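**Q** If it helps, the file is called model-v1.cif and holds mmCIF, C-alpha atoms:
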data_entry
loop_
_atom_site.group_PDB
_atom_site.id
_atom_site.type_symbol
_atom_site.label_atom_id
_atom_site.label_comp_id
_atom_site.auth_asym_id
_atom_site.auth_seq_id
_atom_site.Cartn_x
_atom_site.Cartn_y
_atom_site.Cartn_z
ATOM 1 C CA MET A 29 0.567 -5.198 -22.505
ATOM 2 C CA PRO A 30 -2.020 -3.587 -24.837
ATOM 3 C CA ALA A 31 -0.814 -2.039 -28.078
ATOM 4 C CA THR A 32 -1.709 1.460 -26.884
ATOM 5 C CA GLU A 33 0.608 1.153 -23.876
ATOM 6 C CA ASN A 34 3.371 -0.319 -26.058
ATOM 7 C CA ALA A 35 3.336 2.973 -27.949
ATOM 8 C CA THR A 36 3.960 4.933 -24.740
ATOM 9 C CA PRO A 37 7.377 6.564 -24.929
ATOM 10 C CA GLN A 38 9.905 5.015 -22.608
ATOM 11 C CA ASN A 39 10.626 8.313 -20.904
ATOM 12 C CA GLU A 40 6.941 8.684 -20.006
ATOM 13 C CA ILE A 41 6.927 5.292 -18.273
ATOM 14 C CA VAL A 42 10.149 6.141 -16.441
ATOM 15 C CA ASN A 43 8.960 9.644 -15.525
ATOM 16 C CA ARG A 44 5.801 8.191 -13.987
ATOM 17 C CA LEU A 45 7.949 5.770 -12.006
ATOM 18 C CA ASP A 46 10.283 8.537 -10.803
ATOM 19 C CA THR A 47 7.277 10.586 -9.694
ATOM 20 C CA ALA A 48 5.667 7.618 -7.925
ATOM 21 C CA VAL A 49 8.905 6.846 -6.048
ATOM 22 C CA SER A 50 9.392 10.485 -5.082
ATOM 23 C CA GLU A 51 5.819 10.801 -3.771
ATOM 24 C CA VAL A 52 6.060 7.652 -1.658
ATOM 25 C CA PHE A 53 9.321 8.759 -0.044
ATOM 26 C CA GLU A 54 8.262 12.332 0.570
ATOM 27 C CA MET A 55 4.817 11.475 1.966
ATOM 28 C CA MET A 56 5.455 8.248 3.841
ATOM 29 C CA LEU A 57 9.144 8.382 4.786
ATOM 30 C CA GLU A 58 9.634 12.168 4.842
ATOM 31 C CA ARG A 59 12.785 11.809 2.772
ATOM 32 C CA SER A 60 13.784 12.715 -0.743
ATOM 33 C CA CYS A 61 14.695 9.909 -3.129
ATOM 34 C CA ASP A 62 16.455 10.466 -6.448
ATOM 35 C CA PRO A 63 17.101 8.282 -9.493
ATOM 36 C CA LEU A 64 20.677 7.150 -10.224
ATOM 37 C CA ASP A 65 22.362 6.244 -13.484
ATOM 38 C CA GLY A 66 23.100 2.540 -14.033
ATOM 39 C CA ASP A 67 21.993 -0.681 -12.340
ATOM 40 C CA VAL A 68 22.371 -1.549 -8.680
ATOM 41 C CA THR A 69 25.329 -3.809 -7.987
ATOM 42 C CA ILE A 70 24.120 -7.277 -7.001
ATOM 43 C CA VAL A 71 24.117 -7.552 -3.211
ATOM 44 C CA ASP A 72 24.196 -10.852 -1.299
ATOM 45 C CA GLY A 73 21.086 -11.478 0.695
ATOM 46 C CA ARG A 74 19.127 -8.805 -1.057
ATOM 47 C CA ILE A 75 15.401 -8.693 -0.646
ATOM 48 C CA MET A 76 12.928 -8.528 -3.508
ATOM 49 C CA ALA A 77 9.279 -7.603 -3.560
ATOM 50 C CA ARG A 78 7.033 -8.200 -6.542
ATOM 51 C CA ILE A 79 3.663 -6.779 -7.536
ATOM 52 C CA GLN A 80 1.858 -8.203 -10.559
ATOM 53 C CA PHE A 81 -0.361 -6.203 -12.910
ATOM 54 C CA THR A 82 -3.289 -7.998 -14.535
ATOM 55 C CA GLY A 83 -6.228 -6.973 -16.680
ATOM 56 C CA ALA A 84 -5.705 -3.905 -18.845
ATOM 57 C CA ILE A 85 -1.935 -4.348 -18.342
ATOM 58 C CA THR A 86 -0.044 -7.607 -17.870
ATOM 59 C CA GLY A 87 3.294 -7.216 -16.164
ATOM 60 C CA GLU A 88 5.076 -6.770 -12.896
ATOM 61 C CA CYS A 89 6.975 -4.357 -10.715
ATOM 62 C CA ILE A 90 9.979 -5.745 -8.846
ATOM 63 C CA LEU A 91 11.760 -3.777 -6.137
ATOM 64 C CA TYR A 92 15.112 -5.065 -4.878
ATOM 65 C CA ALA A 93 17.296 -3.827 -2.069
ATOM 66 C CA SER A 94 20.103 -4.883 0.250
ATOM 67 C CA GLN A 95 19.360 -5.913 3.827
ATOM 68 C CA ALA A 96 20.838 -2.618 5.027
ATOM 69 C CA THR A 97 18.628 -0.529 2.760
ATOM 70 C CA ALA A 98 15.591 -2.597 3.722
ATOM 71 C CA GLU A 99 16.296 -2.012 7.425
ATOM 72 C CA VAL A 100 16.628 1.751 6.910
ATOM 73 C CA THR A 101 13.365 1.732 4.936
ATOM 74 C CA ALA A 102 11.541 -0.104 7.722
ATOM 75 C CA GLU A 103 12.910 2.317 10.317
ATOM 76 C CA ALA A 104 11.857 5.328 8.244
ATOM 77 C CA LEU A 105 8.337 3.979 7.748
ATOM 78 C CA LEU A 106 7.849 2.947 11.359
ATOM 79 C CA GLY A 107 9.768 5.733 13.026
ATOM 80 C CA ALA A 108 11.557 3.139 15.156
ATOM 81 C CA VAL A 109 14.760 1.116 14.975
ATOM 82 C CA SER A 110 14.256 -2.361 13.472
ATOM 83 C CA GLN A 111 15.620 -5.469 15.145
ATOM 84 C CA PRO A 112 17.865 -8.095 13.482
ATOM 85 C CA CYS A 113 15.701 -10.645 11.574
ATOM 86 C CA ASP A 114 12.689 -8.426 12.163
ATOM 87 C CA PRO A 115 9.832 -9.598 9.895
ATOM 88 C CA MET A 116 8.819 -5.956 9.648
ATOM 89 C CA VAL A 117 11.813 -5.440 7.341
ATOM 90 C CA ASP A 118 10.418 -7.736 4.636
ATOM 91 C CA ASP A 119 6.956 -6.319 5.231
ATOM 92 C CA ALA A 120 8.266 -2.762 4.746
ATOM 93 C CA ILE A 121 9.904 -3.641 1.418
ATOM 94 C CA GLY A 122 6.683 -5.306 0.253
ATOM 95 C CA GLU A 123 4.630 -2.271 1.206
ATOM 96 C CA LEU A 124 7.130 0.094 -0.419
ATOM 97 C CA CYS A 125 6.821 -1.885 -3.667
ATOM 98 C CA ASN A 126 3.031 -1.907 -3.301
ATOM 99 C CA MET A 127 2.792 1.866 -2.929
ATOM 100 C CA ILE A 128 5.215 2.571 -5.783
ATOM 101 C CA ALA A 129 3.498 0.121 -8.151
ATOM 102 C CA GLY A 130 0.077 1.467 -7.179
ATOM 103 C CA GLY A 131 1.221 5.056 -7.574
ATOM 104 C CA TRP A 132 2.663 4.280 -11.002
ATOM 105 C CA LYS A 133 -0.546 2.520 -12.057
ATOM 106 C CA ASN A 134 -2.723 5.385 -10.837
ATOM 107 C CA LYS A 135 -0.807 7.780 -13.103
ATOM 108 C CA LEU A 136 -1.701 5.817 -16.248
ATOM 109 C CA GLU A 137 -4.418 6.954 -18.616
ATOM 110 C CA HIS A 138 -7.721 5.126 -18.963
ATOM 111 C CA PRO A 139 -8.119 2.169 -19.600
ATOM 112 C CA GLN A 140 -4.659 1.050 -18.399
ATOM 113 C CA ALA A 141 -5.257 2.650 -15.001
ATOM 114 C CA SER A 142 -8.051 0.155 -14.370
ATOM 115 C CA CYS A 143 -5.626 -2.792 -14.286
ATOM 116 C CA LEU A 144 -5.496 -4.770 -11.064
ATOM 117 C CA ILE A 145 -2.471 -5.128 -8.821
ATOM 118 C CA SER A 146 -1.617 -8.132 -6.673
ATOM 119 C CA VAL A 147 -0.653 -8.170 -3.042
ATOM 120 C CA PRO A 148 3.150 -7.964 -2.661
ATOM 121 C CA ALA A 149 5.226 -11.151 -2.635
ATOM 122 C CA VAL A 150 8.569 -10.821 -0.852
ATOM 123 C CA THR A 151 11.467 -13.200 -1.424
ATOM 124 C CA ARG A 152 15.166 -13.510 -0.684
ATOM 125 C CA GLU A 153 15.786 -16.082 -3.392
ATOM 126 C CA GLY A 154 17.015 -13.750 -6.119
ATOM 127 C CA LEU A 155 15.634 -12.469 -9.395
ATOM 128 C CA ILE A 156 16.019 -15.790 -11.192
ATOM 129 C CA GLY A 157 12.673 -16.865 -12.588
ATOM 130 C CA LEU A 158 11.102 -13.530 -11.786
ATOM 131 C CA GLU A 159 12.408 -11.378 -14.606
ATOM 132 C CA GLY A 160 12.419 -13.690 -17.617
ATOM 133 C CA LYS A 161 8.697 -13.801 -18.241
ATOM 134 C CA PHE A 162 8.167 -10.481 -19.987
ATOM 135 C CA GLY A 163 9.823 -8.916 -23.029
ATOM 136 C CA THR A 164 9.799 -5.207 -22.291
ATOM 137 C CA LYS A 165 11.704 -4.065 -19.246
ATOM 138 C CA PHE A 166 12.478 -0.733 -17.648
ATOM 139 C CA SER A 167 15.142 -0.785 -14.960
ATOM 140 C CA ARG A 168 15.802 2.137 -12.652
ATOM 141 C CA THR A 169 17.881 2.672 -9.540
ATOM 142 C CA TYR A 170 17.245 5.140 -6.738
ATOM 143 C CA SER A 171 19.049 6.485 -3.707
ATOM 144 C CA PHE A 172 17.841 8.035 -0.468
ATOM 145 C CA GLN A 173 20.437 9.265 2.014
ATOM 146 C CA GLY A 174 23.001 6.978 0.385
ATOM 147 C CA ASN A 175 20.779 3.890 0.532
ATOM 148 C CA VAL A 176 20.294 2.346 -2.893
ATOM 149 C CA PHE A 177 17.536 0.170 -4.325
ATOM 150 C CA GLY A 178 16.364 -0.870 -7.771
ATOM 151 C CA ILE A 179 13.024 -1.167 -9.522
ATOM 152 C CA LEU A 180 12.261 -3.260 -12.575
ATOM 153 C CA LEU A 181 9.055 -2.743 -14.509
ATOM 154 C CA ALA A 182 8.402 -5.597 -16.951
ATOM 155 C CA PHE A 183 5.561 -6.077 -19.457
ATOM 156 C CA MET B 20 -12.003 6.099 21.254
ATOM 157 C CA ARG B 21 -11.566 2.664 19.731
ATOM 158 C CA ALA B 22 -10.634 1.937 16.113
ATOM 159 C CA LEU B 23 -10.229 -1.096 13.862
ATOM 160 C CA ILE B 24 -7.389 -1.063 11.312
ATOM 161 C CA ILE B 25 -7.472 -3.670 8.540
ATOM 162 C CA ASP B 26 -4.376 -4.167 6.395
ATOM 163 C CA ASP B 27 -2.340 -7.229 5.446
ATOM 164 C CA SER B 28 0.843 -5.275 6.188
ATOM 165 C CA ALA B 29 1.730 -5.003 9.878
ATOM 166 C CA VAL B 30 3.983 -2.073 8.984
ATOM 167 C CA MET B 31 1.088 -0.224 7.377
ATOM 168 C CA ARG B 32 -1.190 -0.904 10.358
ATOM 169 C CA LYS B 33 1.417 0.772 12.589
ATOM 170 C CA VAL B 34 1.849 3.665 10.137
ATOM 171 C CA ILE B 35 -1.917 4.252 10.029
ATOM 172 C CA GLU B 36 -2.204 4.104 13.811
ATOM 173 C CA ARG B 37 0.598 6.645 14.131
ATOM 174 C CA ALA B 38 -1.142 8.921 11.603
ATOM 175 C CA LEU B 39 -4.378 8.737 13.616
ATOM 176 C CA ARG B 40 -2.542 9.701 16.801
ATOM 177 C CA GLN B 41 -0.780 12.547 14.945
ATOM 178 C CA ALA B 42 -4.238 13.691 13.826
ATOM 179 C CA GLY B 43 -5.051 14.184 17.488
ATOM 180 C CA LEU B 44 -7.296 11.163 18.015
ATOM 181 C CA GLU B 45 -7.145 9.793 21.545
ATOM 182 C CA LEU B 46 -7.127 6.090 20.826
ATOM 183 C CA THR B 47 -7.789 3.947 23.864
ATOM 184 C CA GLU B 48 -7.728 0.709 21.880
ATOM 185 C CA VAL B 49 -6.779 -0.247 18.319
ATOM 186 C CA LEU B 50 -8.085 -3.559 17.031
ATOM 187 C CA GLN B 51 -6.110 -5.011 14.133
ATOM 188 C CA ALA B 52 -6.965 -7.428 11.336
ATOM 189 C CA SER B 53 -4.861 -8.591 8.410
ATOM 190 C CA ASN B 54 -7.760 -9.324 6.054
ATOM 191 C CA GLY B 55 -11.518 -8.878 5.713
ATOM 192 C CA GLU B 56 -12.361 -12.230 7.255
ATOM 193 C CA GLU B 57 -10.411 -11.470 10.433
ATOM 194 C CA ALA B 58 -12.043 -8.049 10.531
ATOM 195 C CA LEU B 59 -15.557 -9.487 10.296
ATOM 196 C CA GLN B 60 -14.772 -11.867 13.143
ATOM 197 C CA ALA B 61 -13.398 -8.971 15.201
ATOM 198 C CA LEU B 62 -16.645 -7.049 14.642
ATOM 199 C CA ARG B 63 -18.765 -10.070 15.580
ATOM 200 C CA ASP B 64 -16.713 -10.548 18.773
ATOM 201 C CA ASP B 65 -16.926 -6.829 19.536
ATOM 202 C CA GLY B 66 -20.709 -6.630 19.398
ATOM 203 C CA GLY B 67 -22.266 -5.513 22.670
ATOM 204 C CA LYS B 68 -19.048 -4.073 24.145
ATOM 205 C CA PRO B 69 -19.700 -1.060 26.428
ATOM 206 C CA HIS B 70 -17.453 1.228 24.348
ATOM 207 C CA PRO B 71 -18.223 0.580 20.705
ATOM 208 C CA LEU B 72 -15.850 1.240 17.845
ATOM 209 C CA SER B 73 -15.695 4.807 16.555
ATOM 210 C CA LEU B 74 -13.826 4.216 13.306
ATOM 211 C CA ILE B 75 -12.809 1.514 10.827
ATOM 212 C CA LEU B 76 -9.937 1.944 8.363
ATOM 213 C CA SER B 77 -9.446 -0.704 5.715
ATOM 214 C CA ASP B 78 -7.113 -1.566 2.875
ATOM 215 C CA ILE B 79 -8.702 -3.029 -0.279
ATOM 216 C CA ASN B 80 -6.061 -5.328 -1.719
ATOM 217 C CA MET B 81 -5.696 -8.159 0.812
ATOM 218 C CA PRO B 82 -5.478 -11.957 0.655
ATOM 219 C CA ILE B 83 -8.320 -14.249 1.812
ATOM 220 C CA MET B 84 -10.967 -11.494 1.833
ATOM 221 C CA ASP B 85 -10.389 -8.055 0.312
ATOM 222 C CA GLY B 86 -11.668 -4.757 1.616
ATOM 223 C CA LEU B 87 -14.604 -4.530 -0.772
ATOM 224 C CA GLN B 88 -15.854 -7.993 0.146
ATOM 225 C CA PHE B 89 -15.451 -7.008 3.794
ATOM 226 C CA LEU B 90 -17.616 -3.920 3.275
ATOM 227 C CA GLU B 91 -20.331 -5.898 1.509
ATOM 228 C CA GLN B 92 -20.370 -8.693 4.086
ATOM 229 C CA ARG B 93 -20.381 -6.184 6.956
ATOM 230 C CA ARG B 94 -23.394 -4.470 5.404
ATOM 231 C CA ASP B 95 -25.205 -7.794 4.892
ATOM 232 C CA GLU B 96 -24.541 -8.893 8.480
ATOM 233 C CA LYS B 97 -25.332 -5.402 9.827
ATOM 234 C CA LEU B 98 -22.088 -5.289 11.811
ATOM 235 C CA ALA B 99 -20.853 -2.034 13.382
ATOM 236 C CA VAL B 100 -23.790 -0.153 11.915
ATOM 237 C CA GLY B 101 -23.179 3.594 11.885
ATOM 238 C CA VAL B 102 -19.422 3.305 12.385
ATOM 239 C CA PRO B 103 -17.642 5.285 9.645
ATOM 240 C CA VAL B 104 -15.366 3.293 7.350
ATOM 241 C CA VAL B 105 -12.453 4.888 5.513
ATOM 242 C CA MET B 106 -10.612 2.945 2.838
ATOM 243 C CA ILE B 107 -6.813 3.436 2.764
ATOM 244 C CA THR B 108 -5.441 1.813 -0.354
ATOM 245 C CA THR B 109 -3.123 2.029 -3.336
ATOM 246 C CA GLU B 110 -6.135 1.349 -5.576
ATOM 247 C CA GLY B 111 -7.261 4.721 -6.855
ATOM 248 C CA SER B 112 -9.298 3.726 -9.914
ATOM 249 C CA GLU B 113 -12.757 5.289 -10.110
ATOM 250 C CA PRO B 114 -14.738 2.011 -10.401
ATOM 251 C CA LEU B 115 -13.192 0.730 -7.168
ATOM 252 C CA VAL B 116 -13.832 3.996 -5.342
ATOM 253 C CA LEU B 117 -17.470 3.958 -6.455
ATOM 254 C CA ARG B 118 -17.872 0.313 -5.453
ATOM 255 C CA ALA B 119 -16.407 1.046 -2.030
ATOM 256 C CA ILE B 120 -18.739 3.992 -1.493
ATOM 257 C CA SER B 121 -21.783 2.041 -2.638
ATOM 258 C CA ALA B 122 -20.816 -0.743 -0.197
ATOM 259 C CA GLY B 123 -20.717 1.661 2.734
ATOM 260 C CA ALA B 124 -17.344 3.430 2.812
ATOM 261 C CA GLN B 125 -17.589 7.083 3.820
ATOM 262 C CA GLY B 126 -14.022 8.056 2.996
ATOM 263 C CA TYR B 127 -11.211 7.117 0.663
ATOM 264 C CA ILE B 128 -7.482 7.788 1.075
ATOM 265 C CA CYS B 129 -4.916 6.765 -1.520
ATOM 266 C CA LYS B 130 -1.510 5.474 -0.451
ATOM 267 C CA PRO B 131 0.917 7.177 -0.223
ATOM 268 C CA PHE B 132 -0.662 9.592 2.225
ATOM 269 C CA THR B 133 0.355 12.191 4.788
ATOM 270 C CA ALA B 134 -0.879 12.438 8.363
ATOM 271 C CA GLU B 135 -2.554 15.709 7.353
ATOM 272 C CA GLN B 136 -4.586 13.908 4.684
ATOM 273 C CA VAL B 137 -5.688 11.293 7.198
ATOM 274 C CA LYS B 138 -6.731 14.049 9.580
ATOM 275 C CA ALA B 139 -8.672 15.892 6.854
ATOM 276 C CA ARG B 140 -10.602 12.776 5.799
ATOM 277 C CA VAL B 141 -11.223 11.217 9.211
ATOM 278 C CA LEU B 142 -12.057 14.059 11.597
ATOM 279 C CA PRO B 143 -15.193 15.303 9.743
ATOM 280 C CA LEU B 144 -16.594 11.761 9.816
ATOM 281 C CA LEU B 145 -16.125 11.512 13.567
ATOM 282 C CA ARG B 146 -17.884 14.816 14.161
ATOM 283 C CA VAL B 147 -20.891 13.597 12.169
ATOM 284 C CA ALA B 148 -20.980 10.074 13.600
#
How does the structure come out when it is put into structure tokens?

**A**
Amino acid sequence: MPATENATPQNEIVNRLDTAVSEVFEMMLERSCDPLDGDVTIVDGRIMARIQFTGAITGECILYASQATAEVTAEALLGAVSQPCDPMVDDAIGELCNMIAGGWKNKLEHPQASCLISVPAVTREGLIGLEGKFGTKFSRTYSFQGNVFGILLAF
Amino acid sequence: MRALIIDDSAVMRKVIERALRQAGLELTEVLQASNGEEALQALRDDGGKPHPLSLILSDINMPIMDGLQFLEQRRDEKLAVGVPVVMITTEGSEPLVLRAISAGAQGYICKPFTAEQVKARVLPLLRVA
């Protein structure tokens, strides 16, 4: 991450993330979504989506959720009930991560806002190997209608 | 009317289609592509059909061929000439918007979006086209 972005106060980075999450939920899922204190408890079978930032910023945004939260997210996006093992569930979590990471990036000042973002990669193999690459991390948990998910920004 | 929606996310293709219907568009057929290459092939296959496409909506960030490459290749091959293209993407940086417009996009919508925003961007293009 460039030196100028390193100097960004932590609360500014987190505030941008909170705003990005809120906008995505209000506009795309027609629900409110609020930050929680503390980390999400590890859930078996949880799904993770990752977006990488390259260029003016090097880092990643990881969104992780339980199967139940992922299914509710897919239903809210699609306006229809998801089926068991529906590939749309993973797709929905990837797209949720994509919109949140993109929204966060678009709120940065120039030149950081010109960084590129990857397409989302979705996995069910855990965070191992995904979160150890970068030194600076911001972890945040959110809840919508009792459904909890976490976001990790790492640079 | 017929539309082509290009996005690597099947969920997002459905969300966009729903937004178009909420905007009041009477869609008789929605072609779908998950990247620019598939979209180009769909346009090549669609050439000469009695009811041509009325609208193309495309993401930018996609594997295999992104939305900007799609726009440029479409222009070079003169595919679906005159059909308005609206980009729907998380990429909101000014250089990308300018590149999309110079490659032939007539509209630009940033994700996340509301159905009202889709309506406001798309309907004026259809009246002109």

**Q** Would you give me, as an NGL selection string, the residues of chain A that come within 7 Å of chain B, using all atoms listed in the file?

**A** :A and (52 or 55-56 or 105-106 or 116 or 119-120 or 123 or 127 or 130-131 or 134 or 141-142 or 147)

**Q** For CA of Thr169 in chain A and CA of Val42 in chain A, determine how far apart the two atoms are, in Å to one decimal place.

**A**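 Spanning CA of Thr169 in chain A to CA of Val42 in chain A is a straight-line distance of 10.9 Å.
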
**Q** Tell me which protein, DNA and RNA residues are within 12 Å of Ala52 in chain B, counting all atoms listed in the file, leaving out same-chain ones fewer than 6 positions away, and put them as an MDAnalysis selection string.

**A** chainID B and resid 22:29 31:33 58:62 75:78 81:86 89

**Q** Measure the distance from CA of Trp132 in chain A to CA of Gly123 in chain B in Å and round it to one decimal.

**A**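 Separation between CA of Trp132 in chain A and CA of Gly123 in chain B: 27.2 Å.
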
**Q** Choose the residue, out of A:Leu144, A:Ala104, A:Val109, A:Ile121, that has the smallest atom-to-atom separation from Arg59 in chain A; count only C-alpha atoms.

**A** A:Ala104

**Q** Mind telling me what the PyMOL selection byres ((chain A and resi 148) around 6) catches here, as an mmCIF file with C-alpha atoms, keeping the file's coordinate frame?

**A**
data_model
loop_
_atom_site.group_PDB
_atom_site.id
_atom_site.type_symbol
_atom_site.label_atom_id
_atom_site.label_comp_id
_atom_site.auth_asym_id
_atom_site.auth_seq_id
_atom_site.Cartn_x
_atom_site.Cartn_y
_atom_site.Cartn_z
ATOM 1 C CA ARG A 78 7.033 -8.200 -6.542
ATOM 2 C CA ILE A 79 3.663 -6.779 -7.536
ATOM 3 C CA GLY A 122 6.683 -5.306 0.253
ATOM 4 C CA VAL A 147 -0.653 -8.170 -3.042
ATOM 5 C CA ALA A 149 5.226 -11.151 -2.635
#

**Q** Please indicate the distance in Å from CA of Glu153 in chain A to CA of Asp65 in chain A, rounded to one decimal place.

**A** 25.4 Å

**Q** Applied to the shown file, which residues does the PyMOL selection byres ((chain A and resi 89) around 7) return, written as a CSV table (one decimal) with C-alpha atoms, in the frame of the given file?

**A**
chain,number,residue,atom,x,y,z
A,78,ARG,CA,7.0,-8.2,-6.5
A,79,ILE,CA,3.7,-6.8,-7.5
A,80,GLN,CA,1.9,-8.2,-10.6
A,88,GLU,CA,5.1,-6.8,-12.9
A,90,ILE,CA,10.0,-5.7,-8.8
A,91,LEU,CA,11.8,-3.8,-6.1
A,129,ALA,CA,3.5,0.1,-8.2
A,179,ILE,CA,13.0,-1.2,-9.5
A,180,LEU,CA,12.3,-3.3,-12.6
A,181,LEU,CA,9.1,-2.7,-14.5
A,182,ALA,CA,8.4,-5.6,-17.0

**Q** For Gln88 in chain B, which of B:Ala124, B:Arg140, B:Gly55, B:Glu45 is the closest residue, counting all atoms listed in the file?

**A** B:Gly55

**Q** Would you be able to write out as a PyMOL selection string which residues have an atom within 9 Å of (1.0, -7.1, -19.6) in the file's coordinates, counting all atoms listed in the file?

**A** chain A and resi 29-30+81-88+162+182-183

**Q** Translate the PyMOL selection byres ((chain A and resi 100) around 12), as applied to the file shown, into an explicit residue set as an mmCIF file with C-alpha atoms, in the frame of the given file.

**A**
data_model
loop_
_atom_site.group_PDB
_atom_site.id
_atom_site.type_symbol
_atom_site.label_atom_id
_atom_site.label_comp_id
_atom_site.auth_asym_id
_atom_site.auth_seq_id
_atom_site.Cartn_x
_atom_site.Cartn_y
_atom_site.Cartn_z
ATOM 1 C CA LEU A 57 9.144 8.382 4.786
ATOM 2 C CA ARG A 59 12.785 11.809 2.772
ATOM 3 C CA ALA A 93 17.296 -3.827 -2.069
ATOM 4 C CA SER A 94 20.103 -4.883 0.250
ATOM 5 C CA GLN A 95 19.360 -5.913 3.827
ATOM 6 C CA ALA A 96 20.838 -2.618 5.027
ATOM 7 C CA THR A 97 18.628 -0.529 2.760
ATOM 8 C CA ALA A 98 15.591 -2.597 3.722
ATOM 9 C CA GLU A 99 16.296 -2.012 7.425
ATOM 10 C CA THR A 101 13.365 1.732 4.936
ATOM 11 C CA ALA A 102 11.541 -0.104 7.722
ATOM 12 C CA GLU A 103 12.910 2.317 10.317
ATOM 13 C CA ALA A 104 11.857 5.328 8.244
ATOM 14 C CA LEU A 105 8.337 3.979 7.748
ATOM 15 C CA LEU A 106 7.849 2.947 11.359
ATOM 16 C CA GLY A 107 9.768 5.733 13.026
ATOM 17 C CA ALA A 108 11.557 3.139 15.156
ATOM 18 C CA VAL A 109 14.760 1.116 14.975
ATOM 19 C CA SER A 110 14.256 -2.361 13.472
ATOM 20 C CA GLN A 111 15.620 -5.469 15.145
ATOM 21 C CA PRO A 112 17.865 -8.095 13.482
ATOM 22 C CA MET A 116 8.819 -5.956 9.648
ATOM 23 C CA VAL A 117 11.813 -5.440 7.341
ATOM 24 C CA ASP A 118 10.418 -7.736 4.636
ATOM 25 C CA ALA A 120 8.266 -2.762 4.746
ATOM 26 C CA ILE A 121 9.904 -3.641 1.418
ATOM 27 C CA SER A 171 19.049 6.485 -3.707
ATOM 28 C CA PHE A 172 17.841 8.035 -0.468
ATOM 29 C CA GLN A 173 20.437 9.265 2.014
ATOM 30 C CA GLY A 174 23.001 6.978 0.385
ATOM 31 C CA ASN A 175 20.779 3.890 0.532
ATOM 32 C CA VAL A 176 20.294 2.346 -2.893
ATOM 33 C CA PHE A 177 17.536 0.170 -4.325
#

**Q** Give me the residues within 8 Å of range 94-98 of chain B as a list of chain:residue names, counting only C-alpha atoms and dropping any in the same chain fewer than 2 places off.

**A**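 Here the answer would be B:Leu59, B:Leu62, B:Arg63, B:Gly66, B:Leu90, B:Glu91, B:Gln92, B:Val100, B:Ala122, B:Gly123.
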
**Q** Adding 5 Å on each side of the box along x, y and z that holds all listed atoms of range 126-142 of chain B, could you give its centre and edge lengths in Å to one decimal, as AutoDock Vina command-line options?

**A**
--center_x -6.6 --center_y 10.7 --center_z 5.0 --size_x 24.9 --size_y 20.4 --size_z 23.1

**Q** Return the single residue from A:Gly163, A:Pro63, A:Pro115, A:Pro139 that is closest to Ser50 in chain A, with distances computed using all atoms listed in the file.

**A**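 Ranking A:Gly163, A:Pro63, A:Pro115, A:Pro139 by distance to Ser50 in chain A, first place goes to A:Pro63.
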
**Q** Show me the residues around (-14.3, 6.1, 7.2) - criterion: an atom at most 7 Å away, all atoms listed in the file counted - as a list of chain:residue names.

**A**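 The distance filter leaves exactly B:Leu74, B:Ile75, B:Leu76, B:Pro103, B:Val104, B:Val105, B:Met106, B:Ala124, B:Gln125, B:Gly126, B:Val141, B:Leu144.
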
**Q** Only C-alpha atoms, please: the residues just picked out, written as an mmCIF file, in the coordinates of the input.

**A**
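File written: part_8.cif
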data_model
loop_
_atom_site.group_PDB
_atom_site.id
_atom_site.type_symbol
_atom_site.label_atom_id
_atom_site.label_comp_id
_atom_site.auth_asym_id
_atom_site.auth_seq_id
_atom_site.Cartn_x
_atom_site.Cartn_y
_atom_site.Cartn_z
ATOM 1 C CA LEU B 74 -13.826 4.216 13.306
ATOM 2 C CA ILE B 75 -12.809 1.514 10.827
ATOM 3 C CA LEU B 76 -9.937 1.944 8.363
ATOM 4 C CA PRO B 103 -17.642 5.285 9.645
ATOM 5 C CA VAL B 104 -15.366 3.293 7.350
ATOM 6 C CA VAL B 105 -12.453 4.888 5.513
ATOM 7 C CA MET B 106 -10.612 2.945 2.838
ATOM 8 C CA ALA B 124 -17.344 3.430 2.812
ATOM 9 C CA GLN B 125 -17.589 7.083 3.820
ATOM 10 C CA GLY B 126 -14.022 8.056 2.996
ATOM 11 C CA VAL B 141 -11.223 11.217 9.211
ATOM 12 C CA LEU B 144 -16.594 11.761 9.816
#

**Q** Using the structure just given, write a file holding N, CA, C and O atoms for range 98-103 of chain B, as an mmCIF file, in the first residue's frame.

**A**
data_model
loop_
_atom_site.group_PDB
_atom_site.id
_atom_site.type_symbol
_atom_site.label_atom_id
_atom_site.label_comp_id
_atom_site.auth_asym_id
_atom_site.auth_seq_id
_atom_site.Cartn_x
_atom_site.Cartn_y
_atom_site.Cartn_z
ATOM 1 N N LEU B 98 -20.586 -4.679 -34.941
ATOM 2 C CA LEU B 98 -21.688 -5.546 -34.493
ATOM 3 C C LEU B 98 -22.726 -4.721 -33.741
ATOM 4 O O LEU B 98 -22.373 -3.840 -32.954
ATOM 5 N N ALA B 99 -23.993 -5.030 -33.968
ATOM 6 C CA ALA B 99 -25.104 -4.341 -33.282
ATOM 7 C C ALA B 99 -24.926 -2.829 -33.334
ATOM 8 O O ALA B 99 -25.073 -2.135 -32.330
ATOM 9 N N VAL B 100 -24.651 -2.344 -34.526
ATOM 10 C CA VAL B 100 -24.452 -0.899 -34.710
ATOM 11 C C VAL B 100 -25.742 -0.154 -34.368
ATOM 12 O O VAL B 100 -26.826 -0.539 -34.793
ATOM 13 N N GLY B 101 -25.621 0.889 -33.582
ATOM 14 C CA GLY B 101 -26.784 1.700 -33.221
ATOM 15 C C GLY B 101 -27.523 1.226 -31.984
ATOM 16 O O GLY B 101 -28.420 1.915 -31.500
ATOM 17 N N VAL B 102 -27.157 0.046 -31.483
ATOM 18 C CA VAL B 102 -27.808 -0.454 -30.260
ATOM 19 C C VAL B 102 -27.124 0.185 -29.047
ATOM 20 O O VAL B 102 -25.901 0.078 -28.910
ATOM 21 N N PRO B 103 -27.882 0.858 -28.184
ATOM 22 C CA PRO B 103 -27.241 1.509 -27.032
ATOM 23 C C PRO B 103 -26.637 0.499 -26.062
ATOM 24 O O PRO B 103 -27.215 -0.561 -25.813
#
